[in-house]
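I have placed the structure first, in the form of structure tokens, so that the comments after it can refer back to it.
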Amino acid sequence: MSLLVTVLGTGSPIPAPDRAGPATLISTGPARTDDHYLVDAGRGVLMRLAALGIGAGDLSAVLLTHLHSDHITDLNDVITTRWVMSLAPAPLRIIGPAGTRAVVDRLLEALGPDISYRTAHHRDLAGDHLVEVTDATHGPLGVPGRVAVRCAATDHRPVEPSLGYRFESLGASVVTAGDTVPCPGLDALCAGAGALVHSVIRKDVIAGAPVQRLRDILDYHSSPDQAGATAARAGVGTLVLTHFVPPPAPGTEDEWRAIASRTFAGRIEMGPDLHRVDVPPTTTTTTTTTTTIPRSD
């Protein structure tokens with residue numbers, strides 16, 4: 001069984017008309033009835049899912065890499081939409097680093113008036129349990145579906161803790177790194193993986209920014225060549241670049257690939273929102289196929 005990677009949102013905290021906030025979907029297939037695992041819930045995530053024909057009710061679980069605002073901006077939308085649109089109680093499984101439970105509790109508190117309005121008007125919603133939350137640290141995770149998931153610590157300090165996730169199904173494996181610099185936890189998680197989905201920053205561009213606050217982000221993000229080095233050390237088959245800072249200007253995609261190829265000789269994938277990469281079992285083949293789904297904004 002292959003695993004299907006869809007980069008739902010490839011943007012940054014800076015709003016962009018064509019790139020939603022950071023979010024990646026790991027699936028056992030393209031159909032609604034397949035298992036779908038959402039990694040991070042950035043700006044516009046439900047709109048991107050809708051373009052795939054998938055809704056909040058189809059998600060097996062939501063996994064957060066860290067609690068930076070751009071990675072959880074639309075988590076409240078995912079929670080509320082799943083609750084309201086489900087015809088039977090379907091608590092949303094949410095997993096994230098320590099502090100996730102407290103953040104979700106506060107989201108639900110902020111949604112308190114809305115929850116009271118809906119339960120007063122729709123009596124069948126009363127008493128529903130909206131979420132099941134786990135604060136994770138490392139190791140295997142209990143998630144619904146046919147995919148085994150485990151996590152390990154990454155290094156996004158001073159944002160701490162932060163996590164990467166490895167998804168495995170019948171020989172296919174994908175790691176999602178989130179925001180991080182190279183670190184032993186990520187190296188161990190990636191060992192022999194079919195694909196690594198990694199956020200990247202053009203340090204050569206950001207280093208010249210006139211504002212110190214922008215230059216500060218150099219401290220805790222990886223450049224394409226650093227992401228490539230991580231993939232090479234771990235023997236990863238395909239490197240998928242996403243969460244671009246700054247967003248690639250039209251026609252500059254090859255520059256990003258060239259930087260990553262300084263350290264990684266394997267296949268390098270990047271694209272617009274909804275770019276897909278099929279990751280087959282590594283025991284049978286090492287090729288990948290890609291598609292980009294048309295999107296209208």
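Chains: A, B, ... in order of the structure tokens. Residues: from 1 per chain. Ligands: from 1, in order shown.
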Could you give me, as a PDB file with C-alpha atoms, in the first residue's frame, the residues within 7 Å of segment 70-79 of chain A, counting only C-alpha atoms and dropping anything in the same chain fewer than 3 positions from it?
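Final output, out-v1.pdb:
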ATOM      1  CA  PRO A  13       2.672  33.411   8.368  1.00  0.00           C
ATOM      2  CA  GLY A  21      -0.996  28.189   5.818  1.00  0.00           C
ATOM      3  CA  PRO A  22       1.129  25.144   6.669  1.00  0.00           C
ATOM      4  CA  ASP A  40      -0.937  21.011  11.242  1.00  0.00           C
ATOM      5  CA  ALA A  41      -3.964  23.181  10.550  1.00  0.00           C
ATOM      6  CA  GLY A  42      -2.826  26.453   9.041  1.00  0.00           C
ATOM      7  CA  ARG A  43      -4.864  29.176   7.403  1.00  0.00           C
ATOM      8  CA  GLY A  44      -7.420  27.896   4.864  1.00  0.00           C
ATOM      9  CA  VAL A  45      -6.948  24.192   5.562  1.00  0.00           C
ATOM     10  CA  LEU A  46     -10.617  23.214   5.182  1.00  0.00           C
ATOM     11  CA  ALA A  56     -13.301  17.503   8.484  1.00  0.00           C
ATOM     12  CA  LEU A  67       1.984  25.393  18.733  1.00  0.00           C
ATOM     13  CA  ARG A  82     -16.444  18.259  12.141  1.00  0.00           C
ATOM     14  CA  TRP A  83     -18.815  18.572  15.101  1.00  0.00           C
ATOM     15  CA  LEU A  92     -11.771  14.612  16.670  1.00  0.00           C
ATOM     16  CA  LEU A 107     -10.083  27.086  22.005  1.00  0.00           C
TER      17      LEU A 107
END
List every residue of segment 104-192 of chain A that has an atom at most 12 Å from any atom of segment 236-241 of chain A, and for each one report the closest atom pair and its distance in Å to one decimal, counting only C-alpha atoms, with rows sorted by chain and then by increasing residue number, as a tab-separated table.
residue	atom	partner	partner_atom	distance
A:Ala172	CA	A:Gly237	CA	10.9
A:Ser173	CA	A:Val236	CA	9.7
A:Val174	CA	A:Val236	CA	9.2
A:Val175	CA	A:Val236	CA	9.4
A:Thr176	CA	A:Val240	CA	9.3
A:Ala177	CA	A:Leu241	CA	10.3
A:Gly178	CA	A:Leu241	CA	10.6
A:Asp179	CA	A:Leu241	CA	11.5
A:Leu186	CA	A:Val236	CA	11.8
A:Asp187	CA	A:Val236	CA	10.1
A:Ala188	CA	A:Val236	CA	11.4
A:Leu189	CA	A:Val236	CA	10.6
A:Cys190	CA	A:Val236	CA	6.8
A:Ala191	CA	A:Val236	CA	6.9
A:Gly192	CA	A:Val236	CA	5.4
To one decimal place in Å, what is the distance between atom CA of Thr154 of chain A and atom CA of Thr65 of chain A?
8.9 Å
In Å, how far is it from atom CA of Gly171 of chain A to atom CA of Thr242 of chain A?
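Atom CA of Gly171 of chain A sits 24.0 Å away from atom CA of Thr242 of chain A.
For the pair atom CA of Pro161 of chain A and atom CA of Asp219 of chain A, the separation is 15.7 Å.
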With only C-alpha atoms as the basis for distance, which of A:Val277, A:Val245, A:Val200, A:Ala31 is at the shortest distance from Leu4 of chain A?
A:Val277
Could you pull out all residues of segment 93-285 of chain A with a DSSP call of strand (DSSP E or B) and give them as a ChimeraX atom specification?
/A:93-97,131-136,139-141,148-153,155-156,159,163-169,172-176,181,195-201,238-245,267-269,275-279
I'd like the neighbourhood of segment 14-18 of chain A as a PyMOL selection string, where a residue qualifies if any of its atoms comes within 9 Å (using only C-alpha atoms), though same-chain residues fewer than 4 positions away should be ignored.
chain A and resi 43+245-247+272-273+297
Pick the closest to Pro91 of chain A from A:Leu64, A:Val131, A:Ile54, A:Leu111: which is it, counting only C-alpha atoms?
A:Val131
Ala227 of chain A environment, 9 Å, only C-alpha atoms, sequence neighbours closer than 2 positions dropped, as an NGL selection string
:A and (181-182 or 196 or 198-200 or 222-225 or 229-232 or 239 or 241 or 260 or 263-264)
All helix (DSSP H, G or I) positions in segment 63-96 of chain A, as JSON, numbers by chain
{"A": [69, 70, 71, 72, 75, 76, 77, 78, 79, 80, 81, 82, 83, 84, 85]}
